[in-house]
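This is protein11.pdb (PDB, C-alpha atoms, pLDDT in the B column).
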```pdb
ATOM      1  CA  MET E   1       8.871 -51.003 -52.935  1.00 55.00           C
ATOM      2  CA  LYS E   2      10.638 -48.039 -54.231  1.00 60.00           C
ATOM      3  CA  GLY E   3      11.619 -45.584 -51.578  1.00 57.00           C
ATOM      4  CA  GLY E   4      10.611 -47.888 -48.722  1.00 56.00           C
ATOM      5  CA  LYS E   5      13.842 -47.318 -46.873  1.00 57.00           C
ATOM      6  CA  SER E   6      13.806 -43.551 -47.353  1.00 55.00           C
ATOM      7  CA  ASN E   7      10.291 -43.293 -45.891  1.00 58.00           C
ATOM      8  CA  ALA E   8      11.425 -45.190 -42.797  1.00 54.00           C
ATOM      9  CA  LYS E   9      14.269 -42.723 -42.281  1.00 56.00           C
ATOM     10  CA  LYS E  10      11.871 -39.786 -42.546  1.00 57.00           C
ATOM     11  CA  ALA E  11       9.507 -41.350 -40.023  1.00 57.00           C
ATOM     12  CA  ASP E  12      12.394 -42.007 -37.607  1.00 59.00           C
ATOM     13  CA  SER E  13      13.616 -38.446 -37.949  1.00 58.00           C
ATOM     14  CA  LYS E  14      10.147 -37.137 -37.151  1.00 61.00           C
ATOM     15  CA  LEU E  15      10.004 -39.250 -34.020  1.00 61.00           C
ATOM     16  CA  ALA E  16      13.433 -38.094 -32.927  1.00 59.00           C
ATOM     17  CA  VAL E  17      12.444 -34.428 -32.949  1.00 59.00           C
ATOM     18  CA  ASN E  18      12.364 -33.057 -29.425  1.00 62.00           C
ATOM     19  CA  LYS E  19       9.182 -31.168 -28.949  1.00 59.00           C
ATOM     20  CA  LYS E  20       9.353 -28.031 -26.875  1.00 61.00           C
ATOM     21  CA  PRO E  21       7.014 -27.816 -23.914  1.00 60.00           C
ATOM     22  CA  ALA E  22       3.923 -25.740 -24.462  1.00 60.00           C
ATOM     23  CA  LYS E  23       4.562 -22.073 -23.862  1.00 62.00           C
ATOM     24  CA  ALA E  24       2.771 -20.362 -21.039  1.00 60.00           C
ATOM     25  CA  THR E  25      -0.114 -18.257 -22.238  1.00 63.00           C
ATOM     26  CA  ARG E  26       0.112 -14.508 -22.093  1.00 63.00           C
ATOM     27  CA  ALA E  27      -2.564 -14.358 -19.417  1.00 58.00           C
ATOM     28  CA  SER E  28      -0.658 -16.674 -17.081  1.00 62.00           C
ATOM     29  CA  LYS E  29       2.467 -14.490 -17.311  1.00 70.00           C
ATOM     30  CA  LYS E  30       0.650 -11.322 -16.252  1.00 75.00           C
ATOM     31  CA  ALA E  31       0.308 -10.431 -12.620  1.00 77.00           C
ATOM     32  CA  ALA E  32      -3.208 -10.469 -11.248  1.00 82.00           C
ATOM     33  CA  LYS E  33      -4.930  -7.098 -11.360  1.00 84.00           C
ATOM     34  CA  ASP E  34      -6.039  -5.517  -8.123  1.00 84.00           C
ATOM     35  CA  PRO E  35      -9.789  -4.804  -8.344  1.00 85.00           C
ATOM     36  CA  ASN E  36      -9.413  -1.982  -5.791  1.00 86.00           C
ATOM     37  CA  LYS E  37      -6.923  -0.040  -7.924  1.00 90.00           C
ATOM     38  CA  PRO E  38      -8.474   3.117  -9.426  1.00 91.00           C
ATOM     39  CA  LYS E  39      -9.067   3.097 -13.162  1.00 93.00           C
ATOM     40  CA  ARG E  40      -7.156   5.510 -15.354  1.00 93.00           C
ATOM     41  CA  PRO E  41      -9.151   8.564 -16.436  1.00 94.00           C
ATOM     42  CA  ALA E  42     -10.452   8.970 -19.958  1.00 93.00           C
ATOM     43  CA  SER E  43      -8.519  11.196 -22.352  1.00 95.00           C
ATOM     44  CA  ALA E  44     -10.120  14.321 -23.822  1.00 95.00           C
ATOM     45  CA  PHE E  45     -11.046  12.393 -26.962  1.00 95.00           C
ATOM     46  CA  PHE E  46     -12.895   9.724 -24.990  1.00 95.00           C
ATOM     47  CA  VAL E  47     -14.726  12.368 -22.974  1.00 95.00           C
ATOM     48  CA  PHE E  48     -15.792  13.808 -26.329  1.00 96.00           C
ATOM     49  CA  MET E  49     -16.776  10.298 -27.497  1.00 95.00           C
ATOM     50  CA  GLU E  50     -19.177   9.887 -24.561  1.00 93.00           C
ATOM     51  CA  GLU E  51     -21.259  12.816 -25.765  1.00 93.00           C
ATOM     52  CA  PHE E  52     -20.735  12.223 -29.477  1.00 94.00           C
ATOM     53  CA  ARG E  53     -21.850   8.591 -29.252  1.00 93.00           C
ATOM     54  CA  LYS E  54     -25.232   9.596 -27.761  1.00 92.00           C
ATOM     55  CA  GLN E  55     -25.785  12.247 -30.421  1.00 93.00           C
ATOM     56  CA  PHE E  56     -24.664   9.960 -33.277  1.00 93.00           C
ATOM     57  CA  ASN E  57     -26.966   7.151 -32.163  1.00 91.00           C
ATOM     58  CA  LYS E  58     -29.946   9.550 -32.044  1.00 92.00           C
ATOM     59  CA  GLU E  59     -29.216  10.793 -35.556  1.00 92.00           C
ATOM     60  CA  ASN E  60     -28.511   7.297 -36.937  1.00 91.00           C
ATOM     61  CA  PRO E  61     -30.761   4.821 -35.086  1.00 89.00           C
ATOM     62  CA  ASN E  62     -30.346   2.112 -37.742  1.00 90.00           C
ATOM     63  CA  ASN E  63     -26.541   2.074 -37.460  1.00 87.00           C
ATOM     64  CA  LYS E  64     -25.323  -1.022 -35.607  1.00 85.00           C
ATOM     65  CA  ALA E  65     -21.613  -0.773 -36.487  1.00 90.00           C
ATOM     66  CA  VAL E  66     -19.386   0.447 -33.671  1.00 90.00           C
ATOM     67  CA  SER E  67     -16.652   1.208 -36.170  1.00 92.00           C
ATOM     68  CA  ALA E  68     -18.878   3.743 -37.945  1.00 92.00           C
ATOM     69  CA  VAL E  69     -19.313   5.691 -34.709  1.00 92.00           C
ATOM     70  CA  GLY E  70     -15.577   5.661 -34.080  1.00 93.00           C
ATOM     71  CA  LYS E  71     -14.730   6.778 -37.590  1.00 94.00           C
ATOM     72  CA  ALA E  72     -17.268   9.603 -37.493  1.00 94.00           C
ATOM     73  CA  ALA E  73     -16.054  10.734 -34.079  1.00 95.00           C
ATOM     74  CA  GLY E  74     -12.419  10.665 -35.180  1.00 95.00           C
ATOM     75  CA  ALA E  75     -13.183  12.737 -38.250  1.00 95.00           C
ATOM     76  CA  LYS E  76     -15.152  15.261 -36.212  1.00 95.00           C
ATOM     77  CA  TRP E  77     -12.418  15.457 -33.514  1.00 96.00           C
ATOM     78  CA  LYS E  78      -9.754  16.152 -36.152  1.00 96.00           C
ATOM     79  CA  SER E  79     -11.826  18.902 -37.691  1.00 96.00           C
ATOM     80  CA  MET E  80     -12.480  20.630 -34.355  1.00 95.00           C
ATOM     81  CA  SER E  81     -10.420  23.656 -33.313  1.00 95.00           C
ATOM     82  CA  ASP E  82      -8.587  23.854 -29.990  1.00 94.00           C
ATOM     83  CA  ALA E  83     -11.282  26.195 -28.674  1.00 95.00           C
ATOM     84  CA  GLU E  84     -13.963  23.603 -29.454  1.00 95.00           C
ATOM     85  CA  LYS E  85     -11.890  20.861 -27.773  1.00 95.00           C
ATOM     86  CA  ALA E  86     -11.241  22.969 -24.645  1.00 96.00           C
ATOM     87  CA  PRO E  87     -14.299  21.821 -22.615  1.00 96.00           C
ATOM     88  CA  TYR E  88     -13.382  18.174 -23.173  1.00 96.00           C
ATOM     89  CA  VAL E  89      -9.751  18.824 -22.255  1.00 96.00           C
ATOM     90  CA  ALA E  90     -10.907  20.580 -19.066  1.00 97.00           C
ATOM     91  CA  LYS E  91     -13.138  17.645 -18.091  1.00 96.00           C
ATOM     92  CA  SER E  92     -10.281  15.252 -18.801  1.00 96.00           C
ATOM     93  CA  ASP E  93      -7.884  17.302 -16.644  1.00 96.00           C
ATOM     94  CA  LYS E  94     -10.411  17.376 -13.818  1.00 96.00           C
ATOM     95  CA  ARG E  95     -10.758  13.580 -13.966  1.00 96.00           C
ATOM     96  CA  LYS E  96      -6.970  13.235 -14.034  1.00 97.00           C
ATOM     97  CA  VAL E  97      -6.589  15.302 -10.845  1.00 96.00           C
ATOM     98  CA  GLU E  98      -9.217  13.167  -9.126  1.00 97.00           C
ATOM     99  CA  TYR E  99      -7.459  10.012 -10.331  1.00 96.00           C
ATOM    100  CA  GLU E 100      -4.130  11.225  -8.936  1.00 96.00           C
ATOM    101  CA  LYS E 101      -5.751  11.794  -5.525  1.00 96.00           C
ATOM    102  CA  LEU E 102      -7.257   8.308  -5.593  1.00 95.00           C
ATOM    103  CA  MET E 103      -3.915   6.794  -6.623  1.00 95.00           C
ATOM    104  CA  LYS E 104      -2.097   8.535  -3.754  1.00 95.00           C
ATOM    105  CA  ALA E 105      -4.618   7.146  -1.305  1.00 94.00           C
ATOM    106  CA  TYR E 106      -4.384   3.708  -2.927  1.00 93.00           C
ATOM    107  CA  ASN E 107      -0.575   3.720  -2.829  1.00 93.00           C
ATOM    108  CA  MET E 108      -0.588   4.799   0.828  1.00 92.00           C
ATOM    109  CA  LYS E 109      -2.942   1.933   1.657  1.00 90.00           C
ATOM    110  CA  GLN E 110      -0.710  -0.486  -0.254  1.00 88.00           C
ATOM    111  CA  ALA E 111       2.397   0.797   1.547  1.00 87.00           C
ATOM    112  CA  GLU E 112       0.689   0.372   4.928  1.00 86.00           C
ATOM    113  CA  GLY E 113      -0.290  -3.165   4.013  1.00 80.00           C
ATOM    114  CA  ASN E 114       3.266  -4.022   2.934  1.00 77.00           C
ATOM    115  CA  THR E 115       4.880  -2.606   6.079  1.00 74.00           C
ATOM    116  CA  ALA E 116       2.426  -4.474   8.294  1.00 69.00           C
ATOM    117  CA  ALA E 117       3.185  -7.713   6.445  1.00 66.00           C
ATOM    118  CA  GLU E 118       6.936  -7.095   6.758  1.00 65.00           C
ATOM    119  CA  GLU E 119       6.618  -6.481  10.512  1.00 66.00           C
ATOM    120  CA  GLU E 120       4.677  -9.712  10.975  1.00 65.00           C
ATOM    121  CA  GLY E 121       7.273 -11.573   8.924  1.00 60.00           C
ATOM    122  CA  SER E 122      10.154 -10.179  10.987  1.00 54.00           C
ATOM    123  CA  GLU E 123       8.504 -11.331  14.231  1.00 53.00           C
ATOM    124  CA  VAL E 124       8.360 -14.880  12.888  1.00 51.00           C
ATOM    125  CA  ASN E 125      12.022 -14.723  11.891  1.00 51.00           C
ATOM    126  CA  ASP E 126      13.035 -13.534  15.380  1.00 50.00           C
ATOM    127  CA  ASP E 127      11.643 -16.735  16.927  1.00 50.00           C
ATOM    128  CA  GLU E 128      13.892 -18.914  14.775  1.00 50.00           C
ATOM    129  CA  ASP E 129      17.177 -17.506  16.166  1.00 52.00           C
ATOM    130  CA  GLY E 130      17.952 -20.725  18.048  1.00 50.00           C
ATOM    131  CA  ASP E 131      15.501 -20.658  20.959  1.00 51.00           C
ATOM    132  CA  GLU E 132      14.652 -23.976  22.588  1.00 52.00           C
ATOM    133  CA  GLU E 133      10.972 -23.527  21.688  1.00 52.00           C
ATOM    134  CA  GLY E 134      11.822 -23.408  17.991  1.00 50.00           C
ATOM    135  CA  SER E 135      13.523 -26.792  18.157  1.00 49.00           C
ATOM    136  CA  ASP E 136      10.420 -28.373  19.728  1.00 51.00           C
ATOM    137  CA  GLU E 137       8.406 -27.372  16.651  1.00 51.00           C
ATOM    138  CA  GLU E 138      10.903 -29.103  14.390  1.00 51.00           C
ATOM    139  CA  ASP E 139      10.625 -32.349  16.444  1.00 52.00           C
ATOM    140  CA  ASP E 140       6.850 -32.334  15.963  1.00 52.00           C
ATOM    141  CA  ASP E 141       7.251 -32.448  12.169  1.00 52.00           C
ATOM    142  CA  GLU E 142       9.346 -35.649  12.280  1.00 47.00           C
TER
END
```
Mind turning this structure into structure tokens?
Amino acid sequence: MKGGKSNAKKADSKLAVNKKPAKATRASKKAAKDPNKPKRPASAFFVFMEEFRKQFNKENPNNKAVSAVGKAAGAKWKSMSDAEKAPYVAKSDKRKVEYEKLMKAYNMKQAEGNTAAEEEGSEVNDDEDGDEEGSDEEDDDE
């Protein structure tokens, strides 16, 4: 029975360890996304990728790797001059202007919704200033 007592101490020390509660997952910490919010516009590179992907897939029909398309597009984008990139930058800028218009409209709609909710909330608070009717509601709960 060598070491019998030392094993018992180790087992007791393991039981005495306070386990921390499970951490909240990353997804539960994030606020819910609004499905009505406009999506951000694609950058000039991703506008280029839309066209390049179609062309690359026609030239390489047997290629199934997404990474190969990305690597080829990145290499081509780096080798392009500013003049060659200009049409993609222009399309990207056009999409960005449209996105900004949509975001202004979205933010205005959100602001209107918040002010309407605040006004409704203030009306409820006005009723609780000590009127007799408010006390009747409290008696009903008991």
*asked:* For the PyMOL selection byres ((chain E and resi 93-102) around 8), applied here, can you spell out every residue it catches as number ranges by chain?
replied: E: 38-42, 89-92, 103-106
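Here the PyMOL selection byres ((chain E and resi 85) around 12) captures the residues Ser43, Ala44, Phe45, Phe46, Val47, Phe48, Met49, Lys76, Trp77, Lys78, Ser79, Met80, Ser81, Asp82, Ala83, Glu84, Ala86, Pro87, Tyr88, Val89, Ala90, Lys91 and Ser92 of chain E.
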*So how far away is CA of Ser67 in chain E from CA of Glu50 in chain E, in Å?*
14.7 Å
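Between CA of Thr115 in chain E and CA of Ala32 in chain E the separation is 20.7 Å.
You will find CA of Glu51 in chain E at 12.4 Å from CA of Gly70 in chain E.
Taking all atoms listed in the file into account, Lys71 in chain E lies nearest to E:Arg53 out of the set E:Asn107, E:Asn114, E:Ala31, E:Arg53.
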